[in-house]
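Q: Here you go, this is work_28.pdb (PDB, C-alpha atoms).
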```
ATOM      1  CA  MET N  11       0.720  11.849  27.585
ATOM      2  CA  GLU N  12       3.056  10.947  24.731
ATOM      3  CA  GLN N  13       0.435   8.606  23.237
ATOM      4  CA  THR N  14      -2.230  11.317  23.529
ATOM      5  CA  ALA N  15       0.013  13.823  21.762
ATOM      6  CA  LYS N  16       0.705  11.303  18.995
ATOM      7  CA  LYS N  17      -3.025  10.605  18.580
ATOM      8  CA  ASN N  18      -3.810  14.321  18.427
ATOM      9  CA  LYS N  19      -1.085  14.814  15.835
ATOM     10  CA  GLU N  20      -2.507  12.019  13.674
ATOM     11  CA  THR N  21      -5.992  13.543  14.013
ATOM     12  CA  ASP N  22      -4.596  16.890  12.842
ATOM     13  CA  HIS N  23      -3.140  15.174   9.758
ATOM     14  CA  ARG N  24      -6.458  13.533   8.882
ATOM     15  CA  THR N  25      -8.506  16.736   9.261
ATOM     16  CA  ALA N  26      -6.113  18.958   7.306
ATOM     17  CA  GLY N  27      -7.011  19.981   3.768
ATOM     18  CA  PRO N  28      -5.543  18.133   0.764
ATOM     19  CA  VAL N  29      -1.977  18.982  -0.260
ATOM     20  CA  VAL N  30      -2.280  17.161  -3.599
ATOM     21  CA  GLU N  31      -5.315  17.863  -5.789
ATOM     22  CA  VAL N  32      -5.969  16.419  -9.232
ATOM     23  CA  ARG N  33      -9.123  17.553 -11.042
ATOM     24  CA  ASP N  34     -10.245  16.168 -14.425
ATOM     25  CA  LEU N  35      -6.632  15.639 -15.511
ATOM     26  CA  ARG N  36      -6.100  14.766 -19.164
ATOM     27  CA  GLN N  37      -2.785  14.097 -20.890
ATOM     28  CA  ARG N  38      -2.442  13.624 -24.629
ATOM     29  CA  TYR N  39       0.470  12.557 -26.806
ATOM     30  CA  GLY N  40      -0.640  13.632 -30.259
ATOM     31  CA  ASP N  41      -3.874  11.768 -30.979
ATOM     32  CA  PHE N  42      -3.368   9.362 -28.073
ATOM     33  CA  GLU N  43      -4.987  10.265 -24.750
ATOM     34  CA  ALA N  44      -2.977   8.590 -21.978
ATOM     35  CA  VAL N  45      -4.968  10.051 -19.072
ATOM     36  CA  LYS N  46      -8.693  10.648 -19.519
ATOM     37  CA  GLY N  47     -10.094  13.026 -16.936
ATOM     38  CA  ILE N  48      -9.049  11.554 -13.580
ATOM     39  CA  SER N  49      -9.560  13.212 -10.196
ATOM     40  CA  PHE N  50      -8.266  12.478  -6.689
ATOM     41  CA  GLU N  51      -6.687  14.201  -3.693
ATOM     42  CA  ILE N  52      -4.248  13.321  -0.908
ATOM     43  CA  ARG N  53      -4.146  14.752   2.605
ATOM     44  CA  PRO N  54      -1.203  14.975   5.032
ATOM     45  CA  GLY N  55      -0.484  11.638   6.684
ATOM     46  CA  GLU N  56      -2.425   9.724   4.031
ATOM     47  CA  LEU N  57      -1.163   7.150   1.532
ATOM     48  CA  PHE N  58      -3.098   6.977  -1.726
ATOM     49  CA  GLY N  59      -2.441   3.832  -3.770
ATOM     50  CA  LEU N  60      -2.696   4.319  -7.531
ATOM     51  CA  LEU N  61      -2.929   0.921  -9.202
ATOM     52  CA  GLY N  62      -3.406   0.049 -12.828
ATOM     53  CA  THR N  63      -2.596  -2.203 -15.725
ATOM     54  CA  ASN N  64       0.522  -1.519 -17.797
ATOM     55  CA  GLY N  65       0.029   1.643 -19.812
ATOM     56  CA  ALA N  66      -2.884   2.777 -17.649
ATOM     57  CA  GLY N  67      -1.408   6.272 -17.189
ATOM     58  CA  LYS N  68       0.033   6.017 -13.665
ATOM     59  CA  THR N  69       3.550   7.197 -14.465
ATOM     60  CA  THR N  70       2.234   9.995 -16.697
ATOM     61  CA  THR N  71       0.129  11.171 -13.753
ATOM     62  CA  ILE N  72       3.141  11.213 -11.419
ATOM     63  CA  GLU N  73       5.250  13.073 -13.999
ATOM     64  CA  THR N  74       2.511  15.699 -14.205
ATOM     65  CA  LEU N  75       2.379  16.059 -10.431
ATOM     66  CA  GLU N  76       6.142  16.551 -10.385
ATOM     67  CA  GLY N  77       5.846  19.354 -12.909
ATOM     68  CA  PHE N  78       7.564  17.561 -15.781
ATOM     69  CA  ARG N  79       4.434  17.796 -17.973
ATOM     70  CA  ARG N  80       1.803  20.476 -18.460
ATOM     71  CA  PRO N  81      -1.746  19.057 -18.284
ATOM     72  CA  SER N  82      -3.491  18.854 -21.645
ATOM     73  CA  ALA N  83      -6.659  19.693 -19.707
ATOM     74  CA  GLY N  84      -7.788  19.843 -16.091
ATOM     75  CA  THR N  85      -5.790  21.051 -13.101
ATOM     76  CA  VAL N  86      -3.078  19.723 -10.807
ATOM     77  CA  ARG N  87      -2.175  21.471  -7.553
ATOM     78  CA  VAL N  88       0.513  20.631  -4.995
ATOM     79  CA  PHE N  89       0.320  22.852  -1.882
ATOM     80  CA  GLY N  90      -2.145  24.920  -3.907
ATOM     81  CA  VAL N  91       0.454  25.568  -6.631
ATOM     82  CA  ASP N  92       0.546  24.405 -10.242
ATOM     83  CA  PRO N  93       3.784  22.362 -10.239
ATOM     84  CA  TYR N  94       4.487  22.958 -13.925
ATOM     85  CA  GLY N  95       7.050  25.738 -14.342
ATOM     86  CA  GLN N  96       7.238  26.546 -10.621
ATOM     87  CA  PRO N  97       9.639  23.951  -9.169
ATOM     88  CA  SER N  98      11.323  26.380  -6.774
ATOM     89  CA  ARG N  99       8.123  26.771  -4.751
ATOM     90  CA  ILE N 100       7.729  23.058  -4.132
ATOM     91  CA  ARG N 101      11.158  21.558  -4.877
ATOM     92  CA  GLU N 102      12.085  20.607  -1.319
ATOM     93  CA  ARG N 103       8.544  20.065  -0.080
ATOM     94  CA  ALA N 104       7.852  17.293  -2.610
ATOM     95  CA  ASN N 105      10.149  14.504  -3.762
ATOM     96  CA  ALA N 106       9.948  11.179  -5.574
ATOM     97  CA  VAL N 107      11.310   7.693  -5.988
ATOM     98  CA  LEU N 108      10.879   7.076  -9.708
ATOM     99  CA  GLN N 109      11.054   3.859 -11.721
ATOM    100  CA  GLY N 110      14.154   5.069 -13.527
ATOM    101  CA  SER N 111      16.967   5.516 -11.017
ATOM    102  CA  GLY N 112      19.146   8.617 -11.406
ATOM    103  CA  LEU N 113      22.102   7.121  -9.551
ATOM    104  CA  PHE N 114      25.694   7.461 -10.778
ATOM    105  CA  ASP N 115      27.435   4.095 -11.098
ATOM    106  CA  ASP N 116      30.906   5.498 -10.406
ATOM    107  CA  LEU N 117      30.049   6.966  -7.002
ATOM    108  CA  THR N 118      29.908   5.109  -3.720
ATOM    109  CA  VAL N 119      26.714   4.921  -1.702
ATOM    110  CA  ARG N 120      28.054   7.503   0.760
ATOM    111  CA  GLU N 121      29.184   9.845  -2.042
ATOM    112  CA  THR N 122      25.780   9.586  -3.700
ATOM    113  CA  LEU N 123      23.963  10.631  -0.550
ATOM    114  CA  ASP N 124      26.523  13.339   0.288
ATOM    115  CA  PHE N 125      25.960  14.818  -3.178
ATOM    116  CA  THR N 126      22.197  14.936  -2.604
ATOM    117  CA  VAL N 127      22.654  16.422   0.873
ATOM    118  CA  GLY N 128      24.779  19.196  -0.631
ATOM    119  CA  LEU N 129      21.871  20.282  -2.844
ATOM    120  CA  ALA N 130      19.318  20.623  -0.026
ATOM    121  CA  SER N 131      18.777  23.651   2.212
ATOM    122  CA  ARG N 132      17.554  21.634   5.225
ATOM    123  CA  PRO N 133      18.996  18.178   4.638
ATOM    124  CA  ARG N 134      18.672  15.181   6.881
ATOM    125  CA  ASP N 135      21.905  13.604   8.058
ATOM    126  CA  ALA N 136      23.326  11.207   5.467
ATOM    127  CA  ALA N 137      24.583   8.678   8.015
ATOM    128  CA  GLU N 138      21.172   8.651   9.705
ATOM    129  CA  LEU N 139      19.432   8.014   6.391
ATOM    130  CA  LEU N 140      21.758   5.146   5.519
ATOM    131  CA  GLU N 141      20.859   3.554   8.852
ATOM    132  CA  THR N 142      17.158   4.177   8.193
ATOM    133  CA  VAL N 143      17.171   2.345   4.855
ATOM    134  CA  GLY N 144      19.530  -0.406   6.027
ATOM    135  CA  MET N 145      22.458   0.630   3.816
ATOM    136  CA  ALA N 146      25.062   1.757   6.389
ATOM    137  CA  HIS N 147      27.116  -1.395   5.795
ATOM    138  CA  LYS N 148      27.215  -0.541   2.069
ATOM    139  CA  ALA N 149      28.412   3.055   2.510
ATOM    140  CA  ASP N 150      31.725   2.489   0.694
ATOM    141  CA  THR N 151      30.302   0.230  -2.030
ATOM    142  CA  MET N 152      30.160   1.506  -5.601
ATOM    143  CA  VAL N 153      26.635   2.018  -6.899
ATOM    144  CA  ARG N 154      27.299  -0.258  -9.877
ATOM    145  CA  GLN N 155      27.941  -3.118  -7.438
ATOM    146  CA  LEU N 156      24.558  -2.806  -5.749
ATOM    147  CA  SER N 157      21.676  -5.151  -6.412
ATOM    148  CA  GLY N 158      18.431  -3.790  -7.842
ATOM    149  CA  GLY N 159      16.789  -3.834  -4.422
ATOM    150  CA  GLU N 160      19.729  -2.019  -2.818
ATOM    151  CA  LYS N 161      19.534   0.686  -5.473
ATOM    152  CA  ARG N 162      15.863   1.176  -4.623
ATOM    153  CA  ARG N 163      16.803   1.635  -0.964
ATOM    154  CA  LEU N 164      19.377   4.252  -1.964
ATOM    155  CA  ASP N 165      16.781   5.963  -4.167
ATOM    156  CA  LEU N 166      14.482   6.181  -1.152
ATOM    157  CA  ALA N 167      17.228   7.571   1.070
ATOM    158  CA  SER N 168      17.996  10.238  -1.539
ATOM    159  CA  ALA N 169      14.312  11.225  -1.729
ATOM    160  CA  LEU N 170      14.122  11.615   2.052
ATOM    161  CA  VAL N 171      17.093  13.992   2.260
ATOM    162  CA  THR N 172      14.835  17.024   1.783
ATOM    163  CA  ARG N 173      12.287  15.988   4.474
ATOM    164  CA  PRO N 174       9.462  15.972   1.883
ATOM    165  CA  GLU N 175       5.892  16.739   2.914
ATOM    166  CA  VAL N 176       4.684  15.020  -0.272
ATOM    167  CA  LEU N 177       6.354  11.871  -1.556
ATOM    168  CA  TYR N 178       5.690  10.062  -4.847
ATOM    169  CA  LEU N 179       6.696   6.397  -4.817
ATOM    170  CA  ASP N 180       6.689   4.716  -8.232
ATOM    171  CA  GLU N 181       7.322   0.967  -7.737
ATOM    172  CA  PRO N 182       9.593   1.633  -4.709
ATOM    173  CA  THR N 183      10.237  -1.996  -3.705
ATOM    174  CA  THR N 184      10.929  -3.548  -7.118
ATOM    175  CA  GLY N 185      13.841  -5.984  -6.858
ATOM    176  CA  MET N 186      13.808  -6.122  -3.049
ATOM    177  CA  ASP N 187      13.796  -9.364  -1.106
ATOM    178  CA  PRO N 188      10.911  -9.965   1.349
ATOM    179  CA  GLU N 189      12.901  -8.577   4.283
ATOM    180  CA  GLY N 190      13.774  -5.433   2.342
ATOM    181  CA  ARG N 191      10.141  -4.909   1.381
ATOM    182  CA  ARG N 192       9.000  -5.236   5.002
ATOM    183  CA  ASP N 193      11.673  -2.795   6.155
ATOM    184  CA  THR N 194      10.601  -0.316   3.485
ATOM    185  CA  TRP N 195       6.952  -0.677   4.497
ATOM    186  CA  LYS N 196       7.968   0.280   8.050
ATOM    187  CA  ILE N 197       9.757   3.392   6.761
ATOM    188  CA  ILE N 198       6.707   4.380   4.712
ATOM    189  CA  SER N 199       4.376   3.827   7.679
ATOM    190  CA  ASP N 200       6.594   6.023   9.845
ATOM    191  CA  LEU N 201       6.479   8.771   7.201
ATOM    192  CA  LYS N 202       2.680   8.641   7.232
ATOM    193  CA  GLU N 203       2.648   9.037  11.019
ATOM    194  CA  GLN N 204       4.899  12.083  10.638
ATOM    195  CA  GLY N 205       2.314  13.655   8.307
ATOM    196  CA  THR N 206       3.819  12.976   4.882
ATOM    197  CA  ALA N 207       1.276  12.708   2.051
ATOM    198  CA  ILE N 208       2.246   9.747  -0.143
ATOM    199  CA  LEU N 209       1.235   8.622  -3.619
ATOM    200  CA  LEU N 210       2.205   4.985  -4.214
ATOM    201  CA  THR N 211       2.128   3.040  -7.459
ATOM    202  CA  THR N 212       3.031  -0.636  -7.330
ATOM    203  CA  HIS N 213       2.285  -4.011  -8.866
ATOM    204  CA  TYR N 214       2.488  -5.638  -5.424
ATOM    205  CA  LEU N 215      -1.154  -5.652  -4.327
ATOM    206  CA  ASP N 216      -0.260  -6.795  -0.802
ATOM    207  CA  GLU N 217       1.778  -3.595  -0.531
ATOM    208  CA  VAL N 218      -1.346  -1.518  -1.109
ATOM    209  CA  GLU N 219      -3.386  -3.667   1.272
ATOM    210  CA  GLN N 220      -0.742  -3.120   3.944
ATOM    211  CA  LEU N 221      -0.142   0.605   3.493
ATOM    212  CA  ALA N 222      -2.950   2.410   1.678
ATOM    213  CA  ASP N 223      -5.645   4.510   3.331
ATOM    214  CA  ARG N 224      -7.414   4.843  -0.016
ATOM    215  CA  LEU N 225      -6.781   3.536  -3.506
ATOM    216  CA  ALA N 226      -7.791   3.911  -7.110
ATOM    217  CA  ILE N 227      -7.439   1.434  -9.970
ATOM    218  CA  MET N 228      -6.774   2.835 -13.440
ATOM    219  CA  HIS N 229      -7.314   1.138 -16.775
ATOM    220  CA  ARG N 230      -6.747   2.721 -20.184
ATOM    221  CA  GLY N 231      -6.335   6.195 -18.726
ATOM    222  CA  GLU N 232      -9.436   6.156 -16.517
ATOM    223  CA  ILE N 233     -10.051   5.546 -12.818
ATOM    224  CA  ARG N 234     -12.454   2.591 -12.724
ATOM    225  CA  VAL N 235     -12.822   2.322  -8.937
ATOM    226  CA  GLU N 236     -11.772   4.469  -5.969
ATOM    227  CA  GLY N 237     -12.217   4.338  -2.210
ATOM    228  CA  THR N 238     -10.957   2.614   0.901
ATOM    229  CA  ILE N 239      -9.976  -1.026   0.526
ATOM    230  CA  GLY N 240     -13.074  -1.986   2.515
ATOM    231  CA  SER N 241     -15.440  -0.003   0.295
ATOM    232  CA  VAL N 242     -13.848  -1.325  -2.904
ATOM    233  CA  LEU N 243     -14.115  -4.938  -1.754
ATOM    234  CA  ALA N 244     -17.693  -4.353  -0.603
ATOM    235  CA  GLU N 245     -18.630  -3.086  -4.057
ATOM    236  CA  TYR N 246     -17.247  -6.132  -5.856
ATOM    237  CA  GLY N 247     -18.553  -8.782  -3.473
ATOM    238  CA  ASP N 248     -17.546 -12.254  -2.279
ATOM    239  CA  HIS N 249     -17.821 -15.533  -4.197
ATOM    240  CA  ILE N 250     -19.949 -18.633  -3.595
ATOM    241  CA  GLY N 251     -19.878 -21.415  -6.184
ATOM    242  CA  PHE N 252     -20.694 -25.112  -6.620
ATOM    243  CA  ARG N 253     -21.445 -27.734  -9.266
ATOM    244  CA  VAL N 254     -25.110 -27.784 -10.269
ATOM    245  CA  PRO N 255     -26.660 -31.065  -9.052
ATOM    246  CA  ALA N 256     -28.071 -33.433 -11.669
ATOM    247  CA  GLY N 257     -31.681 -32.725 -12.548
ATOM    248  CA  VAL N 258     -31.643 -29.161 -11.220
ATOM    249  CA  ARG N 259     -32.680 -26.479 -13.726
ATOM    250  CA  SER N 260     -31.332 -22.945 -13.644
ATOM    251  CA  GLY N 261     -34.751 -21.654 -12.627
ATOM    252  CA  ASP N 262     -34.698 -23.913  -9.570
ATOM    253  CA  LEU N 263     -31.576 -22.295  -8.129
ATOM    254  CA  PRO N 264     -32.124 -19.951  -5.176
ATOM    255  CA  THR N 265     -31.218 -16.285  -4.961
ATOM    256  CA  LEU N 266     -28.563 -15.320  -2.388
ATOM    257  CA  SER N 267     -28.651 -11.835  -0.868
ATOM    258  CA  GLY N 268     -30.895 -10.815  -3.760
ATOM    259  CA  GLU N 269     -28.393 -12.014  -6.384
ATOM    260  CA  ARG N 270     -29.243 -14.439  -9.179
ATOM    261  CA  PRO N 271     -26.513 -16.962 -10.033
ATOM    262  CA  GLY N 272     -24.158 -16.986 -12.977
ATOM    263  CA  LEU N 273     -23.649 -20.226 -14.898
ATOM    264  CA  GLU N 274     -20.695 -21.662 -16.796
ATOM    265  CA  THR N 275     -19.587 -25.061 -18.044
ATOM    266  CA  ARG N 276     -16.260 -26.407 -16.745
ATOM    267  CA  ASP N 277     -14.839 -29.904 -17.188
ATOM    268  CA  GLY N 278     -18.095 -31.066 -18.708
ATOM    269  CA  HIS N 279     -20.175 -29.944 -15.724
ATOM    270  CA  LEU N 280     -22.413 -26.943 -15.202
ATOM    271  CA  HIS N 281     -21.184 -24.721 -12.363
ATOM    272  CA  VAL N 282     -23.010 -21.901 -10.614
ATOM    273  CA  SER N 283     -21.468 -18.832  -8.994
ATOM    274  CA  TYR N 284     -22.898 -16.017  -6.888
ATOM    275  CA  THR N 285     -21.375 -12.621  -6.182
ATOM    276  CA  VAL N 286     -22.439 -11.576  -2.695
ATOM    277  CA  ARG N 287     -22.375  -7.830  -2.147
ATOM    278  CA  GLY N 288     -23.118  -5.596   0.804
ATOM    279  CA  GLU N 289     -21.064  -4.483   3.780
ATOM    280  CA  ALA N 290     -17.606  -6.068   3.618
ATOM    281  CA  GLY N 291     -16.541  -8.328   6.455
ATOM    282  CA  PRO N 292     -15.171 -11.765   7.242
ATOM    283  CA  HIS N 293     -18.676 -13.279   7.576
ATOM    284  CA  ARG N 294     -20.455 -11.708   4.582
ATOM    285  CA  ALA N 295     -20.298 -14.751   2.301
ATOM    286  CA  TYR N 296     -21.014 -17.154   5.155
ATOM    287  CA  ARG N 297     -24.188 -15.280   6.133
ATOM    288  CA  ALA N 298     -25.362 -15.573   2.517
ATOM    289  CA  LEU N 299     -24.523 -19.292   2.527
ATOM    290  CA  ALA N 300     -27.205 -20.167   5.104
ATOM    291  CA  PRO N 301     -30.211 -20.086   2.707
ATOM    292  CA  LEU N 302     -28.237 -22.098   0.153
ATOM    293  CA  VAL N 303     -27.571 -24.866   2.674
ATOM    294  CA  GLU N 304     -31.235 -24.809   3.692
ATOM    295  CA  TRP N 305     -32.311 -25.073   0.015
ATOM    296  CA  ALA N 306     -29.994 -28.038  -0.545
ATOM    297  CA  ARG N 307     -31.227 -29.789   2.601
ATOM    298  CA  ASP N 308     -34.903 -29.242   1.736
ATOM    299  CA  ASN N 309     -34.350 -30.702  -1.734
ATOM    300  CA  ASP N 310     -31.988 -33.484  -0.592
ATOM    301  CA  LEU N 311     -29.175 -32.192  -2.829
ATOM    302  CA  GLU N 312     -25.403 -32.395  -2.546
ATOM    303  CA  LEU N 313     -23.398 -29.177  -3.115
ATOM    304  CA  ALA N 314     -20.390 -30.693  -4.858
ATOM    305  CA  ASP N 315     -17.227 -28.563  -5.333
ATOM    306  CA  LEU N 316     -18.606 -25.925  -2.951
ATOM    307  CA  GLN N 317     -16.374 -22.832  -2.752
ATOM    308  CA  VAL N 318     -16.815 -19.870  -0.424
ATOM    309  CA  ARG N 319     -14.246 -17.098  -0.389
ATOM    310  CA  GLY N 320     -13.931 -13.400   0.113
ATOM    311  CA  VAL N 321     -13.108 -11.149  -2.791
ATOM    312  CA  THR N 322      -9.498  -9.962  -2.886
ATOM    313  CA  LEU N 323      -7.873  -6.882  -4.296
ATOM    314  CA  GLU N 324      -6.380  -9.122  -6.988
ATOM    315  CA  ASP N 325      -9.906 -10.260  -7.949
ATOM    316  CA  VAL N 326     -11.000  -6.630  -8.316
ATOM    317  CA  PHE N 327      -7.894  -5.703 -10.292
ATOM    318  CA  LEU N 328      -8.292  -8.609 -12.734
ATOM    319  CA  ARG N 329     -12.007  -8.012 -13.117
ATOM    320  CA  ILE N 330     -11.399  -4.373 -14.062
ATOM    321  CA  ALA N 331      -8.751  -5.430 -16.562
ATOM    322  CA  ASP N 332     -11.110  -8.037 -18.065
ATOM    323  CA  GLU N 333     -14.012  -5.583 -18.232
ATOM    324  CA  GLY N 334     -11.829  -3.118 -20.089
ATOM    325  CA  ASP N 335     -10.904  -5.728 -22.680
ATOM    326  CA  GLU N 336     -14.458  -6.736 -23.524
TER     327      GLU N 336
END
```
Can you present the structure in this file as structure tokens?

A:
Amino acid sequence: MEQTAKKNKETDHRTAGPVVEVRDLRQRYGDFEAVKGISFEIRPGELFGLLGTNGAGKTTTIETLEGFRRPSAGTVRVFGVDPYGQPSRIRERANAVLQGSGLFDDLTVRETLDFTVGLASRPRDAAELLETVGMAHKADTMVRQLSGGEKRRLDLASALVTRPEVLYLDEPTTGMDPEGRRDTWKIISDLKEQGTAILLTTHYLDEVEQLADRLAIMHRGEIRVEGTIGSVLAEYGDHIGFRVPAGVRSGDLPTLSGERPGLETRDGHLHVSYTVRGEAGPHRAYRALAPLVEWARDNDLELADLQVRGVTLEDVFLRIADEGDE
């Protein structure tokens, strides 16, 4: 019965309307346009990963959602409210872990959290939060003595004091060791199950792969790709490559899944590569490989330096960055 109730609760989260809505958002600083008409939404219990190259506009977008900046154009709504100039209506329903920590070096960990608790109308228990983020043993330690990763844990605990329904996480695990990152991922996953809508920006792509329901990749102020991880990887395709056998002309090479090959010279040899698109899955590239093997066998050719691999989120990220620099 408990599992059924949990499943029903998660279903309710997924079918609820969006609590964060961004429509054609633009942000300008003088003549420079940092954000160029982006749109996305986040529902309760959903984590939306916002990736991007440095200077892509991610932090500007979060600052706008928090109400620190008025949009130059477009609209931003949190719980149906424009966050700019109306913090009282959303102050305790939305919170953030920002890149720049607002911690006071001369307070202890416990004093820092007690201070935050004192500002909230329905605060969570400070001792409970310290246990949650794995900082109970550091309660009497001065903030200035904490490592970078420990400060990020304290930042997260402070953001959770108000029981936020929307949480913005801007590089939340920077400076953490692998164990700390895994622990933080568990906390974030638990928040999703409880119905919290989360916007995550990070340079750790495995973090997005582990946590995100949907993602977008920004470059130079624009969203270049958006969707589930599966749909994004399906769009960009898997890779098959090999060294072109001696005596084989480019026109002799077969098509794979309807794709013509790309050619490049490396180490004095001509290499061919195919991008195999279609429905993503562990066997997509291998299904496309069958006609290539048959072609090589029929022509008595060796496929030297044969490579077959699935596309990764890092591949997509780097390809978008390279496309933007052309």

Q: Can you tell me how far atom CA of N:Glu160 sits from atom CA of N:Phe114, in Å to one decimal?

A: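 The value is 13.7 Å.
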
Q: For the structure shown, which residues end up in the PyMOL selection byres ((chain N and resi 215) around 10)? Put them as a PyMOL selection string, please?

A: chain N and resi 59+61+211-214+216-220+322-324+327

Q: Using the chain letters and residue numbers of this document, give as a PyMOL selection string the residues selected by the PyMOL selection byres ((chain N and resi 140) around 12).

A: chain N and resi 119-124+134-139+141-150+160+163-168+170-171

Q: So how far away is atom CA of N:Ser241 from atom CA of N:Leu177, in Å?

A: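 Straight-line distance from atom CA of N:Leu177 to atom CA of N:Ser241 works out to 24.9 Å.
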
Q: Against stretch 90-112 of chain N, which residues of stretch 166-236 of chain N fall within 9 Å? For each one I want the closest pair of atoms and the distance in Å (one decimal), counting all atoms listed in the file, rows by chain and increasing residue number, as a Markdown table.

A:
```
| residue | atom | partner | partner_atom | distance |
| --- | --- | --- | --- | --- |
| N:Leu166 | CA | N:Val107 | CA | 6.0 |
| N:Ser168 | CA | N:Val107 | CA | 8.4 |
| N:Ala169 | CA | N:Asn105 | CA | 5.7 |
| N:Leu170 | CA | N:Asn105 | CA | 7.6 |
| N:Thr172 | CA | N:Glu102 | CA | 5.5 |
| N:Arg173 | CA | N:Arg103 | CA | 7.2 |
| N:Pro174 | CA | N:Arg103 | CA | 4.6 |
| N:Glu175 | CA | N:Arg103 | CA | 5.2 |
| N:Val176 | CA | N:Ala104 | CA | 4.5 |
| N:Leu177 | CA | N:Asn105 | CA | 5.1 |
| N:Tyr178 | CA | N:Ala106 | CA | 4.5 |
| N:Leu179 | CA | N:Val107 | CA | 4.9 |
| N:Asp180 | CA | N:Leu108 | CA | 5.0 |
| N:Glu181 | CA | N:Gln109 | CA | 6.2 |
| N:Pro182 | CA | N:Val107 | CA | 6.4 |
| N:Thr184 | CA | N:Gln109 | CA | 8.7 |
```
